[in-house]
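Structure first, then comments.
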2 protein chains.
Amino acid sequence: MNSSVAQTPIARKISTNAVIRTVFANGSISRADIAKLTGLSKQTISDVVRDLEDDGWLKPVGQTDGRPGRNAITYEINARAGLAVSIDLGSTKIAAAICDLLGNVVAETKVSTDPRGGMHLVNQFSDLIVELAFAAGTTADKLRLVVLGSPGVLDPATGHINVAPSIPGIDAINLRQVFSDRMAIPVIVENDVNLAAQGERWRGHGIETSNFAFVALGTGVGMGIIANGTLLRGARGAAGEIAYLPIGGDAFDPGGFTLGTFESAVGSVAMLRRYVGFGGRNASTVADLFAAFNAGETSAAAAIEETARLVAVAIAAIGAALDPELVITGGSIGSRPELVNAIRGFLPRCTPYPPRIEISRFGNRAALMGGMGIAVERMHDDLFGVKLREV
Amino acid sequence: MNSSVAQTPIARKISTNAVIRTVFANGSISRADIAKLTGLSKQTISDVVRDLEDDGWLKPVGQTDGRPGRNAITYEINARAGLAVSIDLGSTKIAAAICDLLGNVVAETKVSTDPRGGMHLVNQFSDLIVELAFAAGTTADKLRLVVLGSPGVLDPATGHINVAPSIPGIDAINLRQVFSDRMAIPVIVENDVNLAAQGERWRGHGIETSNFAFVALGTGVGMGIIANGTLLRGARGAAGEIAYLPIGGDAFDPGGFTLGTFESAVGSVAMLRRYVGFGGRNASTVADLFAAFNAGETSAAAAIEETARLVAVAIAAIGAALDPELVITGGSIGSRPELVNAIRGFLPRCTPYPPRIEISRFGNRAALMGGMGIAVERMHDDLFGVKLREV
DNA sequence: CCCCTTTTGTCAAGGACATAGACAAATTAC
DNA sequence: GTAATTTGTCTATGTCCTTGACAAAAGGGG
């Protein structure tokens, strides 16, 4: 019957990809307009659109109207045809969301992280997904992909988390494998700061630039780098691990090995220590410290200023190595305008070509957004990507 | 007659590309084997190979023999079908070479740089190319591409050289444009250290790794970064300008602005100044200094050791930001084993995960090699690349 | 030396996918 | 109502790929 031909449908794939991309870029659009924009013939577009509609990827949504000539039926992406999950695993909270093919959030939730770690987290993820799927009006087996953001250094090849100080027992299992087997869905695991950078690239400050860095400053420090429009992971997945930058202390002091020289100098612990050292007595958390600063306390101002000075030097070093157009700051410390303004003041004094500095647009949702961005991109790739055979 | 169809030859392009890649990867090969390796049918392969042979890209070179069955005609890339030029513009010497489609050097030469700079260099390049073409048994108009390596920071979009301290008058003209118009050949201009990195990626130490940095240490300092297998240029083409790293001096000292903090601390001038400071009297050049070191002079040892210590810290900083698997050193200072051994000693003391360190495989030909690598890659792309239409 | 097996490369038929141009249908403009 | 415009389908044609048959050209064993 079917003449058993493993044909090369490559031309049709390319046409399909062009159609889908055109509809994504233009929203509601008629077949005639798709033909004009892609340069393909009307006939081809009609065929492709028919197939896509039959398979549920496109749906007719209305008609053109008001112009001379016959009205055209307009088509749109059927956003619900692809749903994916983004999870942001933090040491205290887990945030999770389901998004559709267009990146719309259709369900979102947040719970406390199970402090027992390890396999208990896999159970927690699994429950979260079932619950979110229900809220989204679907079931977990309809989900196409999970993107999981986690602190720590991940092996780029296997997805194994090699170093994860703040989450117990997570480096003992191959989280990606175990979780993926449990849910029977592909799972992508990525460093949380890298995801935050992707989030800014997708729908934040990085939307119009292909070279920027996301610097997270909080209890720990980290960086995600977007260069040439894509994420840098490095040889061992440790690109952007600026905790170990030889800045803010003696690089040859072995104490810097465990925690990292730069992290020891600008993490929240260091900031509070500095505040106390300057004679401050009214702050036991970073939030208190900034409150004291805003109340005009000089020891708080000095602690913040000194931190800003070190961060400025670090950004100068990053600028010399990577030449980003923009540095986006985030995290509990990095998203404070008081600190960022101080950094903006120091930067032109320690580097001749200072990059622009912006505070993350998404606050603590940046990694969650990035996961959704990755998920949407990956779904598009899987569903409509043109993959040439590797020879 | 030809029915005037602007057909989609995309399927044929893909097949052609697969064939060419297979022949590149396997050398002398028969059509039957190409069919097996690509998965395409014998018929298709015969058609494609016939076209490629008619256009001069492939040539028959021999026959299989000794196995049962009919002997097959074997084909090879006709290397001479594409020739390109690589030029390395230095402040004292210009090196230039012509290479073929397989990257074989078919002509090479070296001359002194015209000290008047500017347009005089364009004349010099033009003469060099005519002369090289003659030596290669062809004429300049048969050359497909020129890759020019130059010191300085280049605008990634226009190819204009924005900063070029050591070559007079070269930032006043758009060298790429002027040179390309003069020769009527496409010209690619790239930073010389970036080219050196590409050279190592192509046929040097970087051949098996996709994440490494080439660090040039000499009169000035610079770095070329290969990440995810491709060159990083940064937003303004200044990625790798480690002259400005805030290491080896006070980052907030405005003196570091003009020359760069790190360059001021480890360039050849600084090294000699340090040697004199330690009481040395027997060296006025870096070569002298290393001779003194090998003669056992303690002030030379101290100068080299102090430089190595600073370079190690810089590599630690680069490692924290980029996580390279390998750092390749080059330049008049960076290619000295005495210095590199000292760096290897310091590195594990200032970073927990030190990258491997190797000395450039090509000495002062690294940039020339890189230009050839780029040229070959670009020729392949232009000639056989599959370009999907942008929607 | 002949015949069998193996391998190469061409021929012929058929299918998938694209294009161009004709044309019917639907709608606005006057 | 008629003309102009636009949409979307139909038909004819061409390119490219695949499969299977087959001739041609080798080696190997009796």
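Residue numbering restarts at 1 in every chain; chains get A, B, ... in the order shown in the structure tokens, and ligands count up from 1 in that same order.
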
Counting only C-alpha atoms (C1' of nucleotides), which residues of chain C fall within 7 Å of chain A, and what is the closest atom pair for each with its distance in Å at one decimal, ordered by chain and rising number, as JSON lines?
```
{"residue": "C:DC17", "atom": "C1'", "partner": "A:Arg12", "partner_atom": "CA", "distance": 6.9}
{"residue": "C:DT19", "atom": "C1'", "partner": "A:Ser41", "partner_atom": "CA", "distance": 6.9}
{"residue": "C:DA26", "atom": "C1'", "partner": "A:Arg70", "partner_atom": "CA", "distance": 4.3}
{"residue": "C:DT27", "atom": "C1'", "partner": "A:Arg70", "partner_atom": "CA", "distance": 4.5}
{"residue": "C:DT28", "atom": "C1'", "partner": "A:Pro68", "partner_atom": "CA", "distance": 4.2}
```

Okay, now the selection with C-alpha atoms (C1' of nucleotides), as an mmCIF file, in the first residue's frame?
```
data_model
loop_
_atom_site.group_PDB
_atom_site.id
_atom_site.type_symbol
_atom_site.label_atom_id
_atom_site.label_comp_id
_atom_site.auth_asym_id
_atom_site.auth_seq_id
_atom_site.Cartn_x
_atom_site.Cartn_y
_atom_site.Cartn_z
ATOM 1 C "C1'" DC C 17 6.939 18.107 -3.555
ATOM 2 C "C1'" DT C 19 5.923 26.014 -9.346
ATOM 3 C "C1'" DA C 26 -16.265 35.913 -2.552
ATOM 4 C "C1'" DT C 27 -16.075 40.580 -1.416
ATOM 5 C "C1'" DT C 28 -15.537 45.859 -1.958
#
```

**OP:** Up to 8 Å from chain A, what residues of chain D turn up? Count only C-alpha atoms (C1' of nucleotides) and give them as a PyMOL selection string.
**Re:** chain D and resi 5-9+17-18

Write out the residues from the selection above, keeping N, CA and C atoms (P, O5', C5', C4', C3', O3' and C1' of nucleotides), as an mmCIF file, in the first residue's frame.
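Listed below is the output, selection.cif:
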```cif
data_model
loop_
_atom_site.group_PDB
_atom_site.id
_atom_site.type_symbol
_atom_site.label_atom_id
_atom_site.label_comp_id
_atom_site.auth_asym_id
_atom_site.auth_seq_id
_atom_site.Cartn_x
_atom_site.Cartn_y
_atom_site.Cartn_z
ATOM 1 P P DT D 5 -7.918 46.526 -9.736
ATOM 2 O "O5'" DT D 5 -8.097 45.573 -8.467
ATOM 3 C "C5'" DT D 5 -8.713 46.095 -7.297
ATOM 4 C "C4'" DT D 5 -8.870 44.987 -6.281
ATOM 5 C "C3'" DT D 5 -7.635 44.097 -6.122
ATOM 6 O "O3'" DT D 5 -7.341 44.020 -4.747
ATOM 7 C "C1'" DT D 5 -9.574 42.782 -6.378
ATOM 8 P P DT D 6 -5.836 43.689 -4.266
ATOM 9 O "O5'" DT D 6 -6.057 42.289 -3.537
ATOM 10 C "C5'" DT D 6 -7.040 42.200 -2.525
ATOM 11 C "C4'" DT D 6 -7.537 40.779 -2.421
ATOM 12 C "C3'" DT D 6 -6.422 39.719 -2.354
ATOM 13 O "O3'" DT D 6 -6.355 39.229 -1.031
ATOM 14 C "C1'" DT D 6 -8.303 39.037 -3.659
ATOM 15 P P DT D 7 -5.420 37.993 -0.632
ATOM 16 O "O5'" DT D 7 -6.425 36.761 -0.760
ATOM 17 C "C5'" DT D 7 -7.626 36.775 -0.007
ATOM 18 C "C4'" DT D 7 -8.383 35.476 -0.218
ATOM 19 C "C3'" DT D 7 -7.541 34.225 0.045
ATOM 20 O "O3'" DT D 7 -8.288 33.363 0.871
ATOM 21 C "C1'" DT D 7 -8.512 34.133 -2.131
ATOM 22 P P DG D 8 -7.494 32.236 1.714
ATOM 23 O "O5'" DG D 8 -7.637 30.998 0.731
ATOM 24 C "C5'" DG D 8 -8.944 30.504 0.490
ATOM 25 C "C4'" DG D 8 -8.937 29.573 -0.698
ATOM 26 C "C3'" DG D 8 -7.890 28.454 -0.635
ATOM 27 O "O3'" DG D 8 -8.532 27.252 -0.990
ATOM 28 C "C1'" DG D 8 -7.812 29.516 -2.703
ATOM 29 P P DT D 9 -7.857 25.870 -0.724
ATOM 30 O "O5'" DT D 9 -8.299 25.090 -2.050
ATOM 31 C "C5'" DT D 9 -9.622 25.268 -2.537
ATOM 32 C "C4'" DT D 9 -9.693 24.884 -3.996
ATOM 33 C "C3'" DT D 9 -8.989 23.574 -4.347
ATOM 34 O "O3'" DT D 9 -9.846 22.820 -5.193
ATOM 35 C "C1'" DT D 9 -8.205 25.299 -5.737
ATOM 36 P P DC D 17 18.352 14.883 -4.852
ATOM 37 O "O5'" DC D 17 17.729 13.549 -4.252
ATOM 38 C "C5'" DC D 17 16.765 13.637 -3.214
ATOM 39 C "C4'" DC D 17 15.918 12.390 -3.219
ATOM 40 C "C3'" DC D 17 16.734 11.107 -3.277
ATOM 41 O "O3'" DC D 17 16.715 10.412 -2.046
ATOM 42 C "C1'" DC D 17 14.883 11.063 -4.788
ATOM 43 P P DT D 18 17.447 9.021 -1.933
ATOM 44 O "O5'" DT D 18 16.334 7.946 -2.314
ATOM 45 C "C5'" DT D 18 15.026 8.065 -1.745
ATOM 46 C "C4'" DT D 18 14.188 6.872 -2.184
ATOM 47 C "C3'" DT D 18 14.973 5.570 -2.171
ATOM 48 O "O3'" DT D 18 14.276 4.562 -1.471
ATOM 49 C "C1'" DT D 18 14.031 5.950 -4.332
#
```

Subject >> Using only C-alpha atoms: which of A:Gly220, A:Gly137, A:Gly39, A:Gly385 has the shortest distance to chain B >> reply: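 Among the listed residues, the smallest separation from chain B belongs to A:Gly39.
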
Subject >> Test item: chain A residues at most 8 Å from chain B, counting only C-alpha atoms, as a PyMOL selection string >> reply: chain A and resi 10-11+18+21-22+37-38+210-211+227-228+232-246+251-254+257+313+316-325+349-352+391

**OP:** Grab the atom CA of B:Leu154 to atom CA of B:Ala196 distance for me, in Å with one decimal place.
**Re:**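 Computing it gives 15.3 Å between the two atoms.
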
**OP:** Can you list, as an MDAnalysis selection string, all residues belonging to stretch 126-361 of chain A that DSSP tags as alpha helix (DSSP H)?
**Re:** chainID A and resid 126:135 175:183 192:203 255:259 261:266 268:277 286:294 298:322 331:334 337:350

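Taking atom CA of B:Val85 and atom CA of B:Arg361 as the two end points, the separation is 21.0 Å.
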